[in-house]
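As stored in start-v4.cif (mmCIF, C-alpha atoms):
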```cif
data_protein
loop_
_atom_site.group_PDB
_atom_site.id
_atom_site.type_symbol
_atom_site.label_atom_id
_atom_site.label_comp_id
_atom_site.auth_asym_id
_atom_site.auth_seq_id
_atom_site.Cartn_x
_atom_site.Cartn_y
_atom_site.Cartn_z
ATOM 1 C CA MET T 25 98.481 115.449 107.874
ATOM 2 C CA ASP T 26 98.648 112.040 106.186
ATOM 3 C CA THR T 27 100.183 110.478 109.293
ATOM 4 C CA LYS T 28 97.558 111.943 111.651
ATOM 5 C CA VAL T 29 94.691 110.722 109.495
ATOM 6 C CA LYS T 30 96.248 107.280 109.102
ATOM 7 C CA ALA T 31 96.714 106.911 112.856
ATOM 8 C CA LEU T 32 93.119 107.979 113.451
ATOM 9 C CA ILE T 33 91.356 105.709 110.943
ATOM 10 C CA GLU T 34 93.504 102.585 110.610
ATOM 11 C CA GLU T 35 92.230 100.668 113.649
ATOM 12 C CA PRO T 36 88.510 101.416 113.077
ATOM 13 C CA LEU T 37 88.859 100.240 109.468
ATOM 14 C CA ASN T 38 90.648 97.076 110.585
ATOM 15 C CA LYS T 39 87.693 96.326 112.877
ATOM 16 C CA ILE T 40 85.445 96.062 109.820
ATOM 17 C CA ASN T 41 88.025 93.990 107.897
ATOM 18 C CA ILE T 42 89.196 96.819 105.661
ATOM 19 C CA LYS T 43 92.928 97.311 105.270
ATOM 20 C CA LEU T 44 94.235 100.857 105.039
ATOM 21 C CA ALA T 45 96.804 100.897 102.242
ATOM 22 C CA LYS T 46 97.655 104.587 101.983
ATOM 23 C CA VAL T 47 96.536 108.099 102.895
ATOM 24 C CA GLU T 48 97.400 111.100 100.727
ATOM 25 C CA TYR T 49 96.547 114.771 101.133
ATOM 26 C CA VAL T 50 97.244 116.219 97.708
ATOM 27 C CA LYS T 51 96.405 119.222 95.582
ATOM 28 C CA GLU T 52 95.259 118.462 92.061
ATOM 29 C CA GLY T 53 94.602 121.583 90.045
ATOM 30 C CA THR T 54 92.755 123.927 92.377
ATOM 31 C CA MET T 55 91.244 121.170 94.557
ATOM 32 C CA TYR T 56 92.652 119.390 97.583
ATOM 33 C CA PHE T 57 91.934 115.694 98.028
ATOM 34 C CA LEU T 58 92.202 113.562 101.133
ATOM 35 C CA ARG T 59 92.623 110.250 99.353
ATOM 36 C CA VAL T 60 92.202 107.102 101.437
ATOM 37 C CA ILE T 61 93.240 103.966 99.575
ATOM 38 C CA ILE T 62 91.806 100.748 100.973
ATOM 39 C CA ASP T 63 91.992 97.016 100.318
ATOM 40 C CA LYS T 64 89.812 94.069 101.314
ATOM 41 C CA GLU T 65 89.686 90.383 100.489
ATOM 42 C CA PRO T 66 88.444 89.181 98.106
ATOM 43 C CA PHE T 67 87.955 92.665 96.557
ATOM 44 C CA VAL T 68 86.821 96.228 97.213
ATOM 45 C CA ASP T 69 83.416 97.113 95.818
ATOM 46 C CA VAL T 70 81.243 100.218 96.081
ATOM 47 C CA ASP T 71 79.651 98.964 99.317
ATOM 48 C CA THR T 72 83.115 98.588 100.868
ATOM 49 C CA CYS T 73 83.961 102.182 99.959
ATOM 50 C CA VAL T 74 80.651 103.378 101.420
ATOM 51 C CA LYS T 75 81.265 101.495 104.694
ATOM 52 C CA ALA T 76 84.793 102.889 104.909
ATOM 53 C CA THR T 77 83.517 106.421 104.263
ATOM 54 C CA GLU T 78 80.913 106.040 107.012
ATOM 55 C CA VAL T 79 83.689 105.122 109.456
ATOM 56 C CA ILE T 80 86.168 107.748 108.252
ATOM 57 C CA ASN T 81 83.923 110.843 108.039
ATOM 58 C CA PRO T 82 83.126 111.315 111.734
ATOM 59 C CA LEU T 83 86.738 110.594 112.678
ATOM 60 C CA ILE T 84 88.301 113.148 110.358
ATOM 61 C CA ASP T 85 85.703 115.716 111.391
ATOM 62 C CA THR T 86 87.625 115.844 114.677
ATOM 63 C CA LEU T 87 90.615 117.170 112.688
ATOM 64 C CA GLU T 88 88.600 119.813 110.825
ATOM 65 C CA ASP T 89 90.530 122.756 112.295
ATOM 66 C CA GLU T 90 93.844 121.262 111.159
ATOM 67 C CA PHE T 91 93.022 121.436 107.442
ATOM 68 C CA ASP T 92 93.907 124.825 105.960
ATOM 69 C CA ASP T 93 91.754 124.372 102.866
ATOM 70 C CA ALA T 94 88.528 122.666 101.885
ATOM 71 C CA TYR T 95 89.080 119.158 100.528
ATOM 72 C CA VAL T 96 87.274 116.259 98.910
ATOM 73 C CA LEU T 97 87.354 112.908 100.721
ATOM 74 C CA ASP T 98 88.172 110.264 98.120
ATOM 75 C CA VAL T 99 87.926 106.668 99.345
ATOM 76 C CA CYS T 100 89.136 104.295 96.661
ATOM 77 C CA SER T 101 90.533 100.821 96.145
ATOM 78 C CA LEU T 102 94.112 99.699 95.995
ATOM 79 C CA GLU T 103 95.570 99.573 92.516
ATOM 80 C CA LYS T 104 98.780 97.971 91.347
ATOM 81 C CA GLY T 105 101.694 100.213 92.204
ATOM 82 C CA ASP T 106 99.869 102.152 94.964
ATOM 83 C CA ILE T 107 102.149 100.872 97.710
#
```
As structure tokens - that is how I would like this structure written.
Amino acid sequence: MDTKVKALIEEPLNKINIKLAKVEYVKEGTMYFLRVIIDKEPFVDVDTCVKATEVINPLIDTLEDEFDDAYVLDVCSLEKGDI
């Protein structure tokens, strides 16, 4: 699933100068998370995460039937050691 999501969202994020660092679909406790880790120069702020989410949401909705479980979309910034 990570690869499909990455292929779907990477180019649209690049168009708004946001670099896609990593996509993870993970289970933490009883919840599933679709974690999209982004980077942008000079830094990622809340507005950057909001813009990225606005781009990502409609795109991943096209994959809705491919997710077996409900998940939380988590768009966050790159941290040391993420890549």
Worksheet item: Hey, which of T:Glu35, T:Thr86, T:Cys100, T:Thr27 ends up closest to Asp69 in chain T? Count all atoms listed in the file.
Response: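 Nearest candidate to Asp69 in chain T out of T:Glu35, T:Thr86, T:Cys100, T:Thr27: T:Cys100.
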Worksheet item: What does the distance between CA of Asp93 in chain T and CA of Lys30 in chain T come to in Å, to one decimal place?
Response: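 So the two atoms, CA of Asp93 in chain T and CA of Lys30 in chain T, lie 18.7 Å apart.
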Discussion item. Show me the residues around (92.4, 95.8, 107.2) - criterion: an atom at most 8 Å away, only C-alpha atoms counted - as a ChimeraX atom specification.
Written reply: /T:34,37-44,62-64
Practice prompt. Can you give me, as a PyMOL selection string, the residues this file yields under the PyMOL selection byres ((chain T and resi 80) around 12)?
Written response: chain T and resi 29-38+40+42+44+47+58-62+73-79+81-87+97-99
Item to complete: Quick one: everything within 9 Å of Ala94 in chain T, counting all atoms listed in the file, minus sequence neighbours fewer than 4 positions away in the same chain. Send it as a PyMOL selection string.
Response: chain T and resi 55-57
Worksheet item: CA of Val70 in chain T and CA of Gly53 in chain T, how far apart in Å?
Response: 25.9 Å
Worksheet item: CA of Tyr49 in chain T to CA of Thr72 in chain T: how many Å, to one decimal?
Response: 21.0 Å
